[in-house]
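Let me begin by presenting the structure, written as structure tokens, before commenting on it.
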Amino acid sequence: MSESKNIIEKFSSDRPIFSRDNDSLGRKEFAESLASAIKGWHGNDSLVLALYGAWGSGKSSIKNMVLETLKESKDTCPEIIEFNPWQWSGQEKLVKVFFQEIGKAIGRNDKSEVNKKLAKQFKRYGTYLHVGSSIAKSFYSILFLVFSIISFIGGSNYASISYNIISYILGTLALIIFIIFQIGDSFEKFADMFEASYSISKQPISELKREISEKMKQLSNNVFIVIDDIDRLASDEIKLIFRLIKSNADFPKIIYFLLFQRDIVEKCLCEEISPSDPSTGKEYLEKIVQVGFDIPQVEKSKIHKFLNNELKNILGENVIESKRWGILFKSGINAYFQNLRDVKRFISTLQFHIAIFRKEGTSEVNFIDLCAIEVLRTFEPSLYNSLPKCKMILLGYDFSLIPDEEEKNRHKITSIIDTAYECNRSYVRKILIELFPTINHLLNENSYFRDCQSEWLVDKRICTLEYFDRYFLLRISEDNISQTDFENVMSLLSDRKKLLSQLRKLNENEKIHTFLFYIYSYAHDKKIDQKYTEPLITTLFDIGDDLPEKSNNIYSSAHWIIIDIANQFLQYETDYRKKWQILKDTICNSKGIFVPVQFVKKLEYEMKNNEEYFLRESDIKYLQNELIIKIKQPSKIECFLSYPKKLNIILEAWNNWSTSKEPQKRTEELVATKDGLLSFLEGFVETRESSHLVDGSDFKKEYNINLSKIEKFISIDILVNNIKKQSISSENLTGNSKKAFDIFNLALERKKNGMIEDDNWIDM
């Protein structure tokens, strides 16, 4: 809760610093010198200072440090007014409030009658200008209204009445109507108009201004008026601020401190004076601003140091000082941080996203990758949004034998890079190669990369299929497993019963494949203590019988991942006797059959092809006999009726390892039932993909049942007789059972017609 609150409090990228103690860019000396010069100015005229700098360059921070320095010396501190024109809508109201604020500041500390009167005079002066501006703005509208009425009167039957009298009456009436209905905030402005008319009859505005000026000279301290963010005002409001300072607010003892981006203001002023001559804006500005300062440049090293300190506070020193962060930073990330606002803008959203993926002290993503992708999201949004569309290319899976497909993939990646700002494309290219190493061969000819999928997965990298989506969805997808859940399951390695229960839940939720690949990656990188080898492999063999035959993942099936995990652990054990003991214990103690059968078949193949293999033929025979004992258990074969391919592999292994006729006898018992017969046939369906086009397109699936393979277990005549006895027909079947039954009958028909068995592939 406290962490979330802390993040929300910092969720603002646009906060300037307010104290010199927080200055990390070495600008406090400049602010102190400027404050000293302001305190030391004693002229009788107004003074206009300006601080020029681009948006985000730190103008407001320098302003705050100047004000802090001024306030430290109460005797010499001027009356400070921070005027924010953003708070007031409409140009006329802005003028009125501006002078009211000056009056309030003057009467704030000195309550003398002189200052009270001066405050009222400033208010009245602002009202004069406020009303005058309103009238001038709509002068032509009034004239049009008056002359329209006079024209109407002139052509009417009332010509006998004095034309001058009527014109006077109607003109006055038109003015009143206009004041009430045409000027915004009609009642307030009508009151201001009345007050101004009454006051002006007693004292002209020019005389009022002279009187204010004389009284301002008598003030003990200057008035320091700060106007920030002028460049972010509307064009008309920018012009008004400078007209105000130049013509109506040039009073003695007033120091103006204006902060803005110079080129924006110059362009705006140019539009008012002479749009065809760009230099006029610059010249006009120089007539108003007596002393202008450019914001001190900051060394990039200080900006980058500030960034790294912020990242250390969030992620820890080990992450930021890692070699990989250094490579990414120098590859182009550093180019995106030109000022402090860039850093704050980036850090604020990064903190939010890190909070999403940091659970119970565990990270759900690679924080270095998250930093890099957050840089692209913040500063290159178009490019960031394009990345998920090329997911499989970026991860290195979208390869094809079709000619020119690689060139198409290269074009897609370069098109993504082209969505970045042109000045940053070389940096983006390097960043993407570092994030997605498999695209290196697309962007750099004759290059290669080291395939480290297991290492990348353990490190939760964006370049892995399991983690890619997290960086864009900003959550863990439903078919994935969180790091927290993974670690919770791994904590059960010493308890086979609980571990098996959790594996079954993962299988039910269709997350087992992802979990197994995590295990493989951790085993590959030696991240699992070898003391858990036997219980872990045994439990994985247990769950193997329940796993689906087909994988919906881009990697190999779950069964083969288990075999690869077992291989990894065996390879790390160098002692032959320990290795053999692990192998015996896992296969003999496991209740599973299918994965151990596949594993022993693999071991047998490797032994036959490697004279220096750690297993002998007698070792393999021992393991085979142990598995045959399990296969022969009552009803064990029937457990695989829902997994026809597994059933086929188990029967085939039993037949190859046994010298008896038990496999054939067991097969006859199996096919005596409808379910057993159909499952048996499904297990023998072979599938292949083919294409008749040269370019490899137009793929189609073809199917076959090799009758000779079936006859190793049972005669075809017995199968045909059983089909008749059980009245099995294609019309009464659906799905894979129907497909297997139809393929079997087509194979029979083609055999009768003398066709070669290898030519029995059919397109269904």
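Labels used: A, B, ... for chains in the order of the structure tokens, numbers from 1 for residues in each chain, and numbers from 1 for ligands as shown.
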Checklist entry - Tell me, which residues of range 311-473 of chain A carry DSSP helix (DSSP H, G or I), written as a ChimeraX atom specification? => result /A:311-315,317-320,323-331,333-336,340-357,367-379,381-394,405-418,422-435,437-443,453-458,470-473
Suppose we keep C-alpha atoms; can you now write the selection as a compact mmCIF listing (two decimals), in the first residue's frame?
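Wrote it out as again.txt, contents follow:
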# COMPACT_ATOMS: atom_id res chain seq x y z
CA LEU A 311 17.05 4.18 -11.50
CA LYS A 312 19.25 2.96 -8.65
CA ASN A 313 16.66 4.15 -6.15
CA ILE A 314 13.96 2.19 -8.00
CA LEU A 315 15.77 -0.92 -9.20
CA GLU A 317 22.51 -0.67 -7.79
CA ASN A 318 23.19 -4.15 -9.19
CA VAL A 319 20.74 -3.71 -12.07
CA ILE A 320 21.96 -0.30 -13.22
CA LYS A 323 27.16 -4.76 -18.12
CA ARG A 324 23.99 -5.20 -20.15
CA TRP A 325 22.43 -1.91 -18.98
CA GLY A 326 25.69 -0.19 -19.90
CA ILE A 327 25.51 -1.63 -23.41
CA LEU A 328 21.88 -0.61 -23.90
CA PHE A 329 22.50 2.85 -22.48
CA LYS A 330 25.45 3.52 -24.79
CA SER A 331 23.63 1.92 -27.74
CA ILE A 333 19.09 5.12 -24.69
CA ASN A 334 21.32 7.98 -23.54
CA ALA A 335 20.35 10.03 -26.62
CA TYR A 336 16.75 10.33 -25.40
CA LEU A 340 15.74 16.90 -16.62
CA ARG A 341 12.13 16.87 -17.77
CA ASP A 342 12.90 13.95 -20.12
CA VAL A 343 14.23 12.05 -17.10
CA LYS A 344 11.23 12.84 -14.89
CA ARG A 345 8.76 12.02 -17.63
CA PHE A 346 10.40 8.63 -18.11
CA ILE A 347 10.88 7.81 -14.42
CA SER A 348 7.29 8.59 -13.44
CA THR A 349 5.74 6.02 -15.80
CA LEU A 350 8.56 3.51 -15.28
CA GLN A 351 7.83 3.47 -11.53
CA PHE A 352 4.19 2.70 -12.24
CA HIS A 353 5.02 -0.21 -14.54
CA ILE A 354 7.63 -1.63 -12.18
CA ALA A 355 5.01 -1.68 -9.42
CA ILE A 356 2.82 -3.84 -11.68
CA PHE A 357 5.57 -6.43 -12.16
CA PHE A 367 13.78 -4.74 -15.44
CA ILE A 368 16.56 -3.76 -17.83
CA ASP A 369 14.37 -4.76 -20.79
CA LEU A 370 11.45 -2.95 -19.17
CA CYS A 371 13.55 0.23 -18.91
CA ALA A 372 14.56 -0.01 -22.57
CA ILE A 373 11.04 -0.69 -23.84
CA GLU A 374 9.73 2.14 -21.63
CA VAL A 375 12.17 4.53 -23.31
CA LEU A 376 10.67 3.56 -26.68
CA ARG A 377 7.12 3.83 -25.34
CA THR A 378 7.78 7.29 -23.91
CA PHE A 379 9.80 8.86 -26.70
CA PRO A 381 5.24 5.83 -29.28
CA SER A 382 4.60 4.99 -32.95
CA LEU A 383 7.49 2.54 -32.99
CA TYR A 384 6.49 1.02 -29.65
CA ASN A 385 2.95 0.35 -30.93
CA SER A 386 4.35 -1.33 -34.05
CA LEU A 387 6.45 -3.92 -32.20
CA PRO A 388 3.65 -6.37 -31.18
CA LYS A 389 2.55 -6.60 -34.83
CA CYS A 390 5.92 -8.18 -35.71
CA LYS A 391 6.20 -10.37 -32.64
CA MET A 392 7.20 -13.62 -34.35
CA ILE A 393 9.81 -11.91 -36.54
CA LEU A 394 11.34 -10.13 -33.55
CA GLU A 405 10.50 -14.41 -47.21
CA GLU A 406 13.60 -13.29 -45.33
CA GLU A 407 13.71 -10.11 -47.40
CA LYS A 408 10.07 -9.45 -46.48
CA ASN A 409 10.90 -9.87 -42.80
CA ARG A 410 13.86 -7.51 -43.16
CA HIS A 411 11.60 -4.94 -44.77
CA LYS A 412 9.09 -5.23 -41.91
CA ILE A 413 11.79 -4.59 -39.31
CA THR A 414 13.27 -1.62 -41.19
CA SER A 415 9.73 -0.23 -41.62
CA ILE A 416 9.31 -0.33 -37.84
CA ILE A 417 12.62 1.51 -37.39
CA ASP A 418 11.47 4.13 -39.89
CA GLU A 422 14.72 10.34 -38.19
CA CYS A 423 17.44 11.67 -35.88
CA ASN A 424 16.97 8.64 -33.58
CA ARG A 425 16.80 5.77 -36.08
CA SER A 426 20.41 4.70 -35.69
CA TYR A 427 19.88 4.50 -31.91
CA VAL A 428 16.61 2.58 -32.29
CA ARG A 429 18.32 0.06 -34.55
CA LYS A 430 20.95 -0.70 -31.90
CA ILE A 431 18.41 -0.85 -29.08
CA LEU A 432 16.20 -3.31 -30.98
CA ILE A 433 19.13 -5.59 -31.79
CA GLU A 434 20.09 -5.64 -28.12
CA LEU A 435 16.51 -6.37 -27.07
CA PRO A 437 19.18 -10.56 -30.77
CA THR A 438 17.58 -12.85 -33.37
CA ILE A 439 16.93 -9.92 -35.76
CA ASN A 440 20.64 -9.21 -35.99
CA HIS A 441 20.96 -11.39 -39.10
CA LEU A 442 18.16 -9.40 -40.77
CA LEU A 443 19.72 -6.00 -40.12
CA GLN A 453 16.68 -19.23 -25.28
CA SER A 454 17.07 -20.96 -21.93
CA GLU A 455 19.26 -18.20 -20.54
CA TRP A 456 16.90 -15.53 -21.88
CA LEU A 457 13.89 -17.21 -20.33
CA VAL A 458 15.54 -17.52 -16.92
CA ARG A 470 3.93 -8.99 -20.70
CA TYR A 471 5.89 -5.94 -21.81
CA PHE A 472 2.96 -4.73 -23.93
CA LEU A 473 -0.10 -6.07 -22.11
Residues near Trp580 in chain A, anyone? I mean within 9 Å using only C-alpha atoms, not counting same-chain ones fewer than 2 positions away, as a PDB file with C-alpha atoms, in the first residue's frame.
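Result file follows (selection27.pdb):
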ATOM      1  CA  LEU A 570      22.065 -36.483 -15.963  1.00  0.00           C
ATOM      2  CA  ASP A 575      29.818 -39.822 -11.310  1.00  0.00           C
ATOM      3  CA  TYR A 576      28.641 -42.884 -13.290  1.00  0.00           C
ATOM      4  CA  ARG A 577      27.240 -44.762 -10.321  1.00  0.00           C
ATOM      5  CA  LYS A 578      25.233 -41.767  -9.119  1.00  0.00           C
ATOM      6  CA  ILE A 582      19.225 -41.564 -10.527  1.00  0.00           C
ATOM      7  CA  LEU A 583      18.112 -43.200 -13.764  1.00  0.00           C
ATOM      8  CA  LYS A 584      17.003 -46.412 -12.060  1.00  0.00           C
ATOM      9  CA  ASP A 585      15.226 -44.646  -9.208  1.00  0.00           C
ATOM     10  CA  PHE A 614      27.720 -44.098 -19.965  1.00  0.00           C
ATOM     11  CA  LEU A 615      25.129 -46.923 -20.243  1.00  0.00           C
ATOM     12  CA  ASP A 619      21.569 -51.327 -18.286  1.00  0.00           C
TER      13      ASP A 619
END
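Note that CA of Phe515 in chain A and CA of Thr362 in chain A are 16.8 Å apart.
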Next on the checklist: Just to confirm, what's the straight-line distance from CA of Leu536 in chain A to CA of Gly683 in chain A in Å (one decimal)?
Outcome noted: 29.6 Å
Checklist entry - When DSSP works through the backbone of this structure, what residues of range 207-309 of chain A end up as strand (DSSP E or B), shown as a ChimeraX atom specification? => result /A:223-227,254-260,291-294
Next on the checklist: So that I can see what lies close to Thr514 in chain A, please list as number ranges by chain the residues with an atom at most 9 Å from it, counting only C-alpha atoms and leaving out residues fewer than 5 positions away in the same chain.
Outcome noted: A: 466, 479-481, 519, 553, 558
For the selection just defined, write its residues with N, CA and C atoms to a file, as a PDB file, in the first residue's frame.
ATOM      1  N   GLU A 466       7.581 -16.586 -23.995  1.00  0.00           N
ATOM      2  CA  GLU A 466       6.838 -16.623 -22.736  1.00  0.00           C
ATOM      3  C   GLU A 466       6.683 -15.241 -22.106  1.00  0.00           C
ATOM      4  N   ASP A 479      -2.655 -17.661 -20.253  1.00  0.00           N
ATOM      5  CA  ASP A 479      -2.034 -18.956 -20.528  1.00  0.00           C
ATOM      6  C   ASP A 479      -0.583 -19.010 -20.047  1.00  0.00           C
ATOM      7  N   ASN A 480      -0.149 -17.972 -19.338  1.00  0.00           N
ATOM      8  CA  ASN A 480       1.220 -17.929 -18.845  1.00  0.00           C
ATOM      9  C   ASN A 480       1.223 -18.163 -17.344  1.00  0.00           C
ATOM     10  N   ILE A 481       2.387 -18.242 -16.767  1.00  0.00           N
ATOM     11  CA  ILE A 481       2.512 -18.482 -15.329  1.00  0.00           C
ATOM     12  C   ILE A 481       3.399 -17.398 -14.740  1.00  0.00           C
ATOM     13  N   ILE A 519      11.212 -24.911 -16.262  1.00  0.00           N
ATOM     14  CA  ILE A 519      12.043 -25.892 -15.564  1.00  0.00           C
ATOM     15  C   ILE A 519      13.266 -26.243 -16.413  1.00  0.00           C
ATOM     16  N   ASN A 553       2.047 -25.085 -28.348  1.00  0.00           N
ATOM     17  CA  ASN A 553       3.166 -24.169 -28.218  1.00  0.00           C
ATOM     18  C   ASN A 553       4.093 -24.321 -29.401  1.00  0.00           C
ATOM     19  N   ALA A 558       5.256 -31.341 -24.673  1.00  0.00           N
ATOM     20  CA  ALA A 558       5.601 -31.312 -23.254  1.00  0.00           C
ATOM     21  C   ALA A 558       6.397 -32.551 -22.845  1.00  0.00           C
TER      22      ALA A 558
END
